[in-house]
>>> print(open('entry-v1.cif').read())   # mmCIF, C-alpha atoms
data_protein
#
loop_
_atom_site.label_atom_id
_atom_site.label_comp_id
_atom_site.auth_asym_id
_atom_site.auth_seq_id
_atom_site.Cartn_x
_atom_site.Cartn_y
_atom_site.Cartn_z
CA MET A 1 0.00 0.00 0.00
CA ALA A 2 2.84 2.36 0.87
CA SER A 3 4.46 1.67 -2.51
CA VAL A 4 1.19 2.47 -4.27
CA ASP A 5 0.93 5.77 -2.38
CA GLN A 6 4.55 6.63 -3.21
CA THR A 7 3.93 5.87 -6.88
CA SER A 8 0.83 8.04 -6.82
CA VAL A 9 2.73 10.93 -5.26
CA GLN A 10 5.54 10.63 -7.80
CA SER A 11 3.08 10.62 -10.71
CA GLU A 12 1.32 13.72 -9.34
CA LEU A 13 4.64 15.52 -8.97
CA ARG A 14 5.62 14.67 -12.53
CA GLU A 15 2.36 16.18 -13.78
CA LEU A 16 3.24 19.57 -12.25
CA PRO A 17 5.61 20.67 -15.04
CA ILE A 18 2.91 19.70 -17.55
CA LYS A 19 0.37 21.84 -15.68
CA SER A 20 2.80 24.74 -15.64
CA ILE A 21 3.23 24.43 -19.41
CA HIS A 22 -0.56 24.58 -19.78
CA ARG A 23 -0.43 27.88 -17.89
CA SER A 24 2.12 29.18 -20.39
CA ARG A 25 1.33 31.05 -23.58
CA PRO A 26 3.81 29.78 -26.17
CA TRP A 27 2.15 31.70 -29.02
CA ILE A 28 2.93 34.99 -27.28
CA ALA A 29 6.47 33.77 -26.57
CA ALA A 30 6.91 32.84 -30.22
CA ALA A 31 5.68 36.29 -31.26
CA ILE A 32 8.22 37.91 -28.92
CA LEU A 33 11.06 35.71 -30.17
CA VAL A 34 10.18 36.44 -33.82
CA GLY A 35 9.05 40.05 -33.61
CA GLY A 36 11.35 41.12 -30.78
CA PRO A 37 14.62 40.78 -32.73
CA VAL A 38 13.04 42.74 -35.62
CA LEU A 39 12.07 45.54 -33.23
CA LEU A 40 15.53 45.33 -31.69
CA VAL A 41 17.22 45.81 -35.07
CA ILE A 42 14.97 48.82 -35.74
CA ALA A 43 15.78 50.24 -32.30
CA LEU A 44 19.51 49.72 -32.93
CA VAL A 45 19.34 51.56 -36.25
CA VAL A 46 17.38 54.44 -34.72
CA ALA A 47 19.80 54.58 -31.76
CA VAL A 48 22.76 54.76 -34.15
CA SER A 49 21.04 57.48 -36.20
CA PHE A 50 20.31 59.92 -33.38
CA GLY A 51 22.76 61.73 -31.15
CA ALA A 52 24.70 64.96 -30.97
CA ARG A 53 24.84 64.64 -34.77
CA ASP A 54 21.89 63.01 -36.57
CA ILE A 55 22.96 60.60 -39.30
CA HIS A 56 20.85 59.33 -42.19
CA PHE A 57 20.22 55.59 -42.59
CA SER A 58 22.06 55.47 -45.93
CA VAL A 59 25.21 56.75 -44.21
CA ILE A 60 24.85 54.04 -41.55
CA TRP A 61 24.58 51.40 -44.30
CA ASP A 62 27.71 52.70 -46.01
CA ALA A 63 29.61 52.93 -42.73
CA ILE A 64 28.89 49.27 -41.95
CA PHE A 65 29.30 47.72 -45.40
CA HIS A 66 31.44 50.27 -47.28
CA PHE A 67 33.55 51.90 -44.61
CA ASP A 68 35.49 54.95 -45.77
CA PRO A 69 38.18 56.12 -43.31
CA ASN A 70 38.04 59.62 -44.81
CA VAL A 71 34.37 60.17 -43.82
CA ALA A 72 33.91 61.53 -40.29
CA ASN A 73 30.40 60.08 -39.90
CA HIS A 74 31.72 56.61 -40.68
CA HIS A 75 34.18 56.90 -37.80
CA ILE A 76 31.42 58.13 -35.46
CA ILE A 77 29.27 55.14 -36.35
CA GLN A 78 32.01 52.50 -36.27
CA GLU A 79 33.97 53.67 -33.24
CA LEU A 80 31.31 55.30 -31.03
CA ARG A 81 27.72 54.42 -31.77
CA LEU A 82 27.80 50.80 -32.94
CA PRO A 83 29.75 49.47 -29.93
CA ARG A 84 27.55 51.57 -27.66
CA VAL A 85 24.21 50.23 -28.91
CA LEU A 86 25.45 46.63 -29.21
CA GLY A 87 26.85 46.88 -25.69
CA GLY A 88 23.45 48.13 -24.51
CA ALA A 89 21.74 45.12 -26.09
CA MET A 90 24.12 42.69 -24.38
CA VAL A 91 23.84 44.48 -21.04
CA GLY A 92 20.04 44.46 -21.19
CA ALA A 93 19.92 40.75 -22.00
CA SER A 94 22.42 39.98 -19.23
CA PHE A 95 20.62 41.89 -16.46
CA ALA A 96 17.18 40.61 -17.52
CA VAL A 97 18.18 36.94 -17.66
CA ALA A 98 20.12 37.22 -14.38
CA GLY A 99 17.01 38.64 -12.71
CA ALA A 100 14.77 35.94 -14.19
CA ILE A 101 17.06 33.18 -12.92
CA MET A 102 17.30 34.73 -9.46
CA GLN A 103 13.52 35.13 -9.17
CA GLY A 104 12.86 31.59 -10.35
CA MET A 105 15.60 29.97 -8.27
CA THR A 106 14.78 31.76 -5.01
CA ARG A 107 11.02 32.27 -5.58
CA ASN A 108 11.69 35.85 -4.56
CA PRO A 109 9.74 38.38 -6.70
CA LEU A 110 12.06 41.18 -5.52
CA ALA A 111 15.26 39.47 -6.68
CA ASP A 112 17.46 41.61 -8.91
CA SER A 113 21.22 41.92 -9.16
CA GLY A 114 21.02 45.64 -8.38
CA LEU A 115 18.82 45.18 -5.30
CA LEU A 116 20.70 42.24 -3.80
CA GLY A 117 24.18 43.76 -3.71
CA ILE A 118 25.63 41.95 -6.74
CA ASN A 119 26.11 45.11 -8.80
CA ALA A 120 27.56 46.97 -5.82
CA GLY A 121 30.02 44.13 -5.14
CA ALA A 122 31.15 44.15 -8.77
CA GLY A 123 31.55 47.92 -8.67
CA PHE A 124 33.60 47.78 -5.47
CA ALA A 125 35.93 45.24 -7.09
CA LEU A 126 36.31 47.57 -10.09
CA ALA A 127 37.16 50.47 -7.75
CA LEU A 128 39.93 48.37 -6.18
CA CYS A 129 41.24 47.48 -9.64
CA PHE A 130 41.33 51.10 -10.77
CA ALA A 131 43.11 52.08 -7.54
CA PHE A 132 45.76 49.34 -7.32
CA PHE A 133 45.99 47.76 -10.81
CA PRO A 134 45.07 50.53 -13.28
CA GLN A 135 47.07 48.99 -16.15
CA LEU A 136 45.32 45.63 -16.13
CA PRO A 137 43.76 44.47 -19.43
CA PHE A 138 39.97 44.62 -19.58
CA MET A 139 39.78 40.81 -19.37
CA TYR A 140 41.05 40.98 -15.79
CA PHE A 141 38.63 43.75 -14.92
CA ILE A 142 35.79 41.42 -15.91
CA LEU A 143 37.23 38.62 -13.78
CA TYR A 144 37.50 40.91 -10.76
CA SER A 145 33.96 42.06 -11.46
CA PHE A 146 32.82 38.41 -11.23
CA LEU A 147 34.59 38.02 -7.90
CA GLY A 148 33.09 41.23 -6.56
CA ALA A 149 29.62 40.14 -7.65
CA GLY A 150 30.09 36.86 -5.79
CA LEU A 151 31.28 38.72 -2.68
CA GLY A 152 28.22 40.99 -2.76
CA ALA A 153 25.80 38.09 -3.19
CA GLY A 154 27.45 36.05 -0.44
CA LEU A 155 27.37 38.92 2.05
CA VAL A 156 23.73 39.77 1.33
CA TYR A 157 22.55 36.19 1.75
CA GLY A 158 24.72 35.77 4.85
CA ILE A 159 23.33 38.93 6.47
CA GLY A 160 19.78 37.98 5.54
CA ALA A 161 20.17 34.46 6.92
CA MET A 162 21.36 35.76 10.31
CA ALA A 163 18.05 37.57 10.91
CA ARG A 164 15.53 35.92 13.22
CA GLY A 165 13.00 34.03 11.14
CA GLY A 166 15.38 33.31 8.29
CA LEU A 167 15.42 34.63 4.76
CA THR A 168 12.40 36.48 3.40
CA PRO A 169 12.17 38.57 0.21
CA LEU A 170 12.00 41.85 2.13
CA ARG A 171 14.89 40.93 4.44
CA LEU A 172 17.04 40.12 1.44
CA VAL A 173 16.21 43.45 -0.17
CA LEU A 174 16.92 45.34 3.07
CA ALA A 175 20.24 43.53 3.44
CA GLY A 176 21.00 44.30 -0.20
CA ALA A 177 20.18 47.98 0.27
CA ALA A 178 22.41 48.21 3.34
CA LEU A 179 25.32 46.44 1.64
CA THR A 180 24.90 48.49 -1.54
CA ALA A 181 25.13 51.69 0.50
CA LEU A 182 28.20 50.40 2.36
CA LEU A 183 30.07 49.21 -0.72
CA GLY A 184 29.09 52.37 -2.58
CA ALA A 185 30.53 54.51 0.22
CA TRP A 186 33.75 52.46 0.23
CA SER A 187 34.01 52.80 -3.55
CA GLU A 188 33.59 56.57 -3.30
CA GLY A 189 36.19 56.71 -0.53
CA ILE A 190 38.65 54.79 -2.70
CA ALA A 191 37.89 57.11 -5.63
CA LEU A 192 38.60 60.19 -3.50
CA TYR A 193 41.73 58.85 -1.82
CA PHE A 194 43.36 57.55 -5.00
CA ASP A 195 41.99 60.36 -7.22
CA ILE A 196 40.28 57.98 -9.65
CA GLY A 197 36.88 59.65 -9.72
CA GLN A 198 37.13 60.17 -13.48
CA GLU A 199 37.72 56.47 -14.10
CA LEU A 200 34.79 55.47 -11.86
CA ALA A 201 32.41 58.14 -13.11
CA PHE A 202 30.91 55.73 -15.66
CA TRP A 203 30.04 53.26 -12.90
CA TYR A 204 28.38 55.82 -10.64
CA ALA A 205 26.29 57.20 -13.51
CA GLY A 206 25.46 53.93 -15.23
CA ALA A 207 26.21 54.96 -18.79
CA LEU A 208 27.07 53.24 -22.07
CA ALA A 209 29.11 56.13 -23.48
CA GLY A 210 32.69 55.08 -24.06
CA THR A 211 31.94 51.40 -24.78
CA THR A 212 34.60 50.05 -27.14
CA TRP A 213 34.92 47.10 -29.51
CA ALA A 214 37.74 45.74 -27.34
CA GLN A 215 35.40 45.59 -24.34
CA LEU A 216 32.68 43.88 -26.37
CA GLU A 217 35.14 41.30 -27.71
CA VAL A 218 35.98 40.32 -24.14
CA MET A 219 32.42 40.47 -22.87
CA PHE A 220 30.63 38.66 -25.71
CA PRO A 221 31.99 35.11 -25.13
CA TRP A 222 31.16 35.26 -21.42
CA VAL A 223 27.64 36.51 -22.03
CA ALA A 224 27.02 34.09 -24.91
CA VAL A 225 28.10 31.06 -22.86
CA ALA A 226 26.09 32.21 -19.83
CA LEU A 227 22.94 32.73 -21.94
CA VAL A 228 23.29 29.25 -23.46
CA MET A 229 23.75 27.80 -19.97
CA SER A 230 20.67 29.66 -18.72
CA ILE A 231 18.55 28.20 -21.53
CA ALA A 232 19.93 24.72 -20.76
CA LEU A 233 18.94 25.22 -17.09
CA SER A 234 15.52 26.68 -17.90
CA ARG A 235 13.52 23.48 -17.35
CA SER A 236 15.21 22.94 -13.98
CA ILE A 237 14.52 26.57 -13.01
CA THR A 238 10.83 25.96 -13.75
CA MET A 239 10.93 23.10 -11.25
CA LEU A 240 12.74 25.22 -8.67
CA SER A 241 10.11 27.94 -9.07
CA MET A 242 7.54 25.42 -7.79
CA GLY A 243 9.46 24.91 -4.54
CA ASP A 244 12.35 22.77 -3.38
CA GLU A 245 10.09 19.91 -2.24
CA VAL A 246 8.42 19.60 -5.62
CA ALA A 247 11.78 19.85 -7.42
CA ARG A 248 13.27 17.18 -5.16
CA GLY A 249 10.26 14.95 -5.75
CA LEU A 250 10.84 15.28 -9.48
CA GLY A 251 14.39 14.01 -9.01
CA LEU A 252 16.14 17.35 -9.50
CA ARG A 253 19.65 17.69 -8.07
CA ILE A 254 18.82 20.90 -6.27
CA GLY A 255 22.28 21.74 -4.96
CA PHE A 256 23.95 21.25 -8.33
CA VAL A 257 21.31 23.21 -10.26
CA LYS A 258 21.34 26.12 -7.80
CA GLY A 259 25.13 26.20 -7.93
CA MET A 260 25.07 26.40 -11.72
CA CYS A 261 22.39 29.12 -11.58
CA VAL A 262 24.53 31.18 -9.20
CA ILE A 263 27.53 30.88 -11.54
CA VAL A 264 25.44 32.02 -14.52
CA VAL A 265 24.01 34.99 -12.57
CA LEU A 266 27.46 36.11 -11.43
CA ILE A 267 28.83 35.91 -14.98
CA LEU A 268 25.93 37.86 -16.46
CA ALA A 269 25.77 40.53 -13.76
CA GLY A 270 29.55 40.86 -13.45
CA ALA A 271 30.06 41.24 -17.21
CA ALA A 272 27.23 43.78 -17.51
CA VAL A 273 28.46 45.90 -14.60
CA SER A 274 31.98 45.97 -16.03
CA ILE A 275 30.55 47.63 -19.17
CA VAL A 276 27.71 49.87 -18.03
CA GLY A 277 28.12 50.27 -14.28
CA ALA A 278 25.39 50.66 -11.68
CA VAL A 279 22.20 50.09 -13.67
CA GLY A 280 19.47 48.50 -11.61
CA PHE A 281 15.85 47.39 -12.06
CA VAL A 282 16.27 45.78 -15.52
CA GLY A 283 16.36 42.36 -13.85
CA LEU A 284 13.35 43.30 -11.73
CA ILE A 285 11.03 44.76 -14.38
CA ILE A 286 11.63 42.51 -17.38
CA PRO A 287 11.11 39.04 -15.77
CA HIS A 288 7.81 40.19 -14.22
CA LEU A 289 6.64 41.61 -17.54
CA THR A 290 7.72 38.46 -19.35
CA ARG A 291 5.87 36.16 -16.93
CA LYS A 292 2.71 38.25 -17.43
CA LEU A 293 3.05 37.78 -21.18
CA VAL A 294 4.26 34.19 -21.64
CA GLY A 295 3.35 32.39 -18.41
CA VAL A 296 5.44 30.47 -15.88
CA ASP A 297 7.56 28.17 -18.04
CA TYR A 298 11.17 29.36 -17.87
CA ARG A 299 11.95 27.73 -21.21
CA TRP A 300 10.02 30.71 -22.60
CA ILE A 301 10.74 33.25 -19.87
CA ILE A 302 14.53 33.24 -20.23
CA PRO A 303 14.88 33.79 -24.02
CA CYS A 304 11.99 36.29 -24.04
CA SER A 305 13.56 38.16 -21.10
CA ALA A 306 16.81 38.42 -23.06
CA VAL A 307 15.02 39.98 -26.04
CA LEU A 308 12.89 42.38 -23.97
CA GLY A 309 15.83 43.35 -21.74
CA SER A 310 17.89 44.26 -24.78
CA LEU A 311 15.03 46.36 -26.13
CA LEU A 312 14.58 48.18 -22.81
CA VAL A 313 18.23 49.20 -22.42
CA VAL A 314 18.68 50.24 -26.09
CA ILE A 315 15.51 52.37 -25.99
CA ALA A 316 16.41 53.80 -22.56
CA ASP A 317 19.87 54.75 -23.82
CA LEU A 318 18.30 56.46 -26.83
CA ALA A 319 15.93 58.33 -24.50
CA ALA A 320 18.89 59.32 -22.33
CA ARG A 321 20.44 61.06 -25.33
CA MET A 322 17.19 62.78 -26.32
CA VAL A 323 16.14 64.19 -22.92
CA ASN A 324 18.56 67.10 -22.87
CA PRO A 325 20.63 67.18 -26.10
CA PRO A 326 23.50 67.53 -26.65
CA ALA A 327 24.12 66.62 -23.00
CA GLU A 328 23.40 63.02 -21.96
CA THR A 329 21.34 61.71 -19.05
CA PRO A 330 22.72 58.47 -17.52
CA VAL A 331 20.78 55.46 -18.78
CA GLY A 332 20.57 54.22 -15.18
CA SER A 333 18.48 57.26 -14.29
CA ILE A 334 16.04 56.64 -17.14
CA ILE A 335 15.51 53.00 -16.13
CA ALA A 336 15.25 53.93 -12.42
CA PHE A 337 12.45 56.37 -13.32
CA ILE A 338 10.42 53.31 -14.32
CA GLY A 339 11.93 50.81 -11.89
CA VAL A 340 11.50 52.63 -8.57
CA PRO A 341 7.67 52.85 -8.73
CA PHE A 342 7.56 49.23 -9.91
CA PHE A 343 9.75 48.14 -6.99
CA LEU A 344 7.60 50.07 -4.48
CA TYR A 345 4.50 48.36 -5.86
CA LEU A 346 6.06 44.91 -5.49
CA ALA A 347 7.43 45.67 -2.02
CA ARG A 348 4.01 46.85 -0.85
CA LYS A 349 2.43 43.71 -2.25
CA GLU A 350 5.00 41.51 -0.47
CA TRP A 351 4.51 43.39 2.81
CA ARG A 352 0.77 42.73 2.68
CA GLU A 353 1.40 39.01 2.18
CA LEU A 354 3.71 38.73 5.24
#
>>> encode(input="entry-v1.cif", output="structure tokens")
Amino acid sequence: MASVDQTSVQSELRELPIKSIHRSRPWIAAAILVGGPVLLVIALVVAVSFGARDIHFSVIWDAIFHFDPNVANHHIIQELRLPRVLGGAMVGASFAVAGAIMQGMTRNPLADSGLLGINAGAGFALALCFAFFPQLPFMYFILYSFLGAGLGAGLVYGIGAMARGGLTPLRLVLAGAALTALLGAWSEGIALYFDIGQELAFWYAGALAGTTWAQLEVMFPWVAVALVMSIALSRSITMLSMGDEVARGLGLRIGFVKGMCVIVVLILAGAAVSIVGAVGFVGLIIPHLTRKLVGVDYRWIIPCSAVLGSLLVVIADLAARMVNPPAETPVGSIIAFIGVPFFLYLARKEWREL
């Protein structure tokens, strides 16, 4: 009789992923994955066209496919605008997928690399690099950014776990806010003491200006591998989003999967911070929006989050250039304008449920 009950329980658990798929909307996901890249290409072209000097589409075409070193606009497109907009697309995808993985893995709707101290840890590591190893190649800056992101995440989860009652979404966010403020103050102190405020200005502002092809060449393999890994883990993340007991009942190796998810998140967040700096809320807004559109299956959520995150950052960077031309508003400020009210709404909702 016990064996019959155990078999019945196992069969019910195995039906849960099927039920979650029924609650998904693959036709909307397919529309995002087909139409999203088209919209992204259009957004990239528009973002390249507009700036301190507006450039016609035909000039952009010639600059990409018939580059002439004697034409000033070709140099502007090739050396300044193309790496900037492509970097924005990669950064948006990285932050969005990192947030989606964190929310699914921890079942914490407030999870985001910017809110949980990961971005601040990566920025603190970059401040140390600029102060003590300013001549390091960019590859090493990315590696230190990964280590700093891991330090930030470890400290936040350690602080949150020490609180009476254990980890809750709000406690994690409060611990993340406290650690972000602390690491930010230390980074500013290092910048003042070593006179490296100019080098760290990009991180404080959260801006894509100054992105180079050399940085993208280093960043792209890391981001590409991490995105492929996230898609490979997507089915397991769907199980984790149902709770550890359900995932364990389905035979999932929880410790291994969570460890792999943490590695992917640190790579994505660390690489993105090394390029754009302190940009938050992308990993908070986009996964929630994606779940509303496509449902709860992370096999759809993760690739759709990558597309929508890229769109958000590219459009926000374009808006940052159009707010007060020819001066530029940091892209982090534009995204925060949307993200702060969204975060307050989610925090209020979580507080009511406690």
>>> resolve_selection(input="entry-v1.cif", expression="the PyMOL selection byres ((chain A and resi 229) around 12)", output="PyMOL selection string")
chain A and resi 97-98+101+222-228+230-237+257+260-265+267-268+299+302-303
>>> atom_distance(input="entry-v1.cif", atom1="CA of Gly189 in chain A", atom2="CA of Gly114 in chain A")
20.4 Å
>>> residues_around(input="entry-v1.cif", residues="range 318-324 of chain A", least_positions_apart="6", cutoff="8 Å", atoms="only C-alpha atoms", output="PDB file with C-alpha atoms, keeping the file's coordinate frame")
ATOM      1  CA  ALA A  47      19.800  54.580 -31.760  1.00  0.00           C
ATOM      2  CA  PHE A  50      20.310  59.920 -33.380  1.00  0.00           C
ATOM      3  CA  GLY A  51      22.760  61.730 -31.150  1.00  0.00           C
ATOM      4  CA  PRO A 330      22.720  58.470 -17.520  1.00  0.00           C
ATOM      5  CA  VAL A 331      20.780  55.460 -18.780  1.00  0.00           C
ATOM      6  CA  ILE A 334      16.040  56.640 -17.140  1.00  0.00           C
TER       7      ILE A 334
END
>>> resolve_selection(input="entry-v1.cif", expression="the PyMOL selection byres ((chain A and resi 72-80) around 8)", output="list in words")
Val48, Ile55, Val59, Ile60, Asp62, Ala63, Ile64, Phe67, Asp68, Pro69, Asn70, Val71, Arg81, Leu82, Pro83, Arg84, Ala209, Gly210, Thr211, Thr212 and Trp213 of chain A
>>> residues_around(input="entry-v1.cif", residues="Val218 in chain A", least_positions_apart="2", cutoff="12 Å", atoms="all atoms listed in the file", output="list of chain:residue names")
A:Gly87, A:Pro137, A:Phe138, A:Met139, A:Tyr140, A:Phe141, A:Ile142, A:Leu143, A:Thr211, A:Thr212, A:Trp213, A:Ala214, A:Gln215, A:Leu216, A:Phe220, A:Pro221, A:Trp222, A:Val223, A:Ala224, A:Ala271, A:Ala272, A:Ser274, A:Ile275
>>> atom_distance(input="entry-v1.cif", atom1="CA of Gly123 in chain A", atom2="CA of Thr106 in chain A")
23.6 Å
>>> atom_distance(input="entry-v1.cif", atom1="CA of Leu172 in chain A", atom2="CA of Gly160 in chain A")
5.4 Å
>>> build_atoms(input="entry-v1.cif", residues="range 225-236 of chain A", atoms="N, CA and C atoms", output="compact mmCIF listing (two decimals), in the frame of the given file")
# COMPACT_ATOMS: atom_id res chain seq x y z
N VAL A 225 28.06 32.35 -23.57
CA VAL A 225 28.10 31.06 -22.86
C VAL A 225 27.09 31.05 -21.72
N ALA A 226 27.02 32.15 -20.96
CA ALA A 226 26.09 32.21 -19.83
C ALA A 226 24.64 32.15 -20.30
N LEU A 227 24.31 32.79 -21.42
CA LEU A 227 22.94 32.73 -21.94
C LEU A 227 22.59 31.32 -22.40
N VAL A 228 23.53 30.65 -23.06
CA VAL A 228 23.29 29.25 -23.46
C VAL A 228 23.09 28.37 -22.24
N MET A 229 23.91 28.57 -21.21
CA MET A 229 23.75 27.80 -19.97
C MET A 229 22.40 28.07 -19.33
N SER A 230 21.95 29.32 -19.35
CA SER A 230 20.67 29.66 -18.72
C SER A 230 19.51 28.97 -19.45
N ILE A 231 19.60 28.90 -20.78
CA ILE A 231 18.55 28.20 -21.53
C ILE A 231 18.60 26.70 -21.23
N ALA A 232 19.81 26.14 -21.10
CA ALA A 232 19.93 24.72 -20.76
C ALA A 232 19.37 24.43 -19.37
N LEU A 233 19.45 25.39 -18.46
CA LEU A 233 18.94 25.22 -17.09
C LEU A 233 17.48 25.59 -16.96
N SER A 234 16.85 26.09 -18.02
CA SER A 234 15.52 26.68 -17.90
C SER A 234 14.47 25.70 -17.38
N ARG A 235 14.50 24.46 -17.82
CA ARG A 235 13.52 23.48 -17.35
C ARG A 235 13.70 23.23 -15.85
N SER A 236 14.95 23.14 -15.40
CA SER A 236 15.21 22.94 -13.98
C SER A 236 14.79 24.15 -13.16
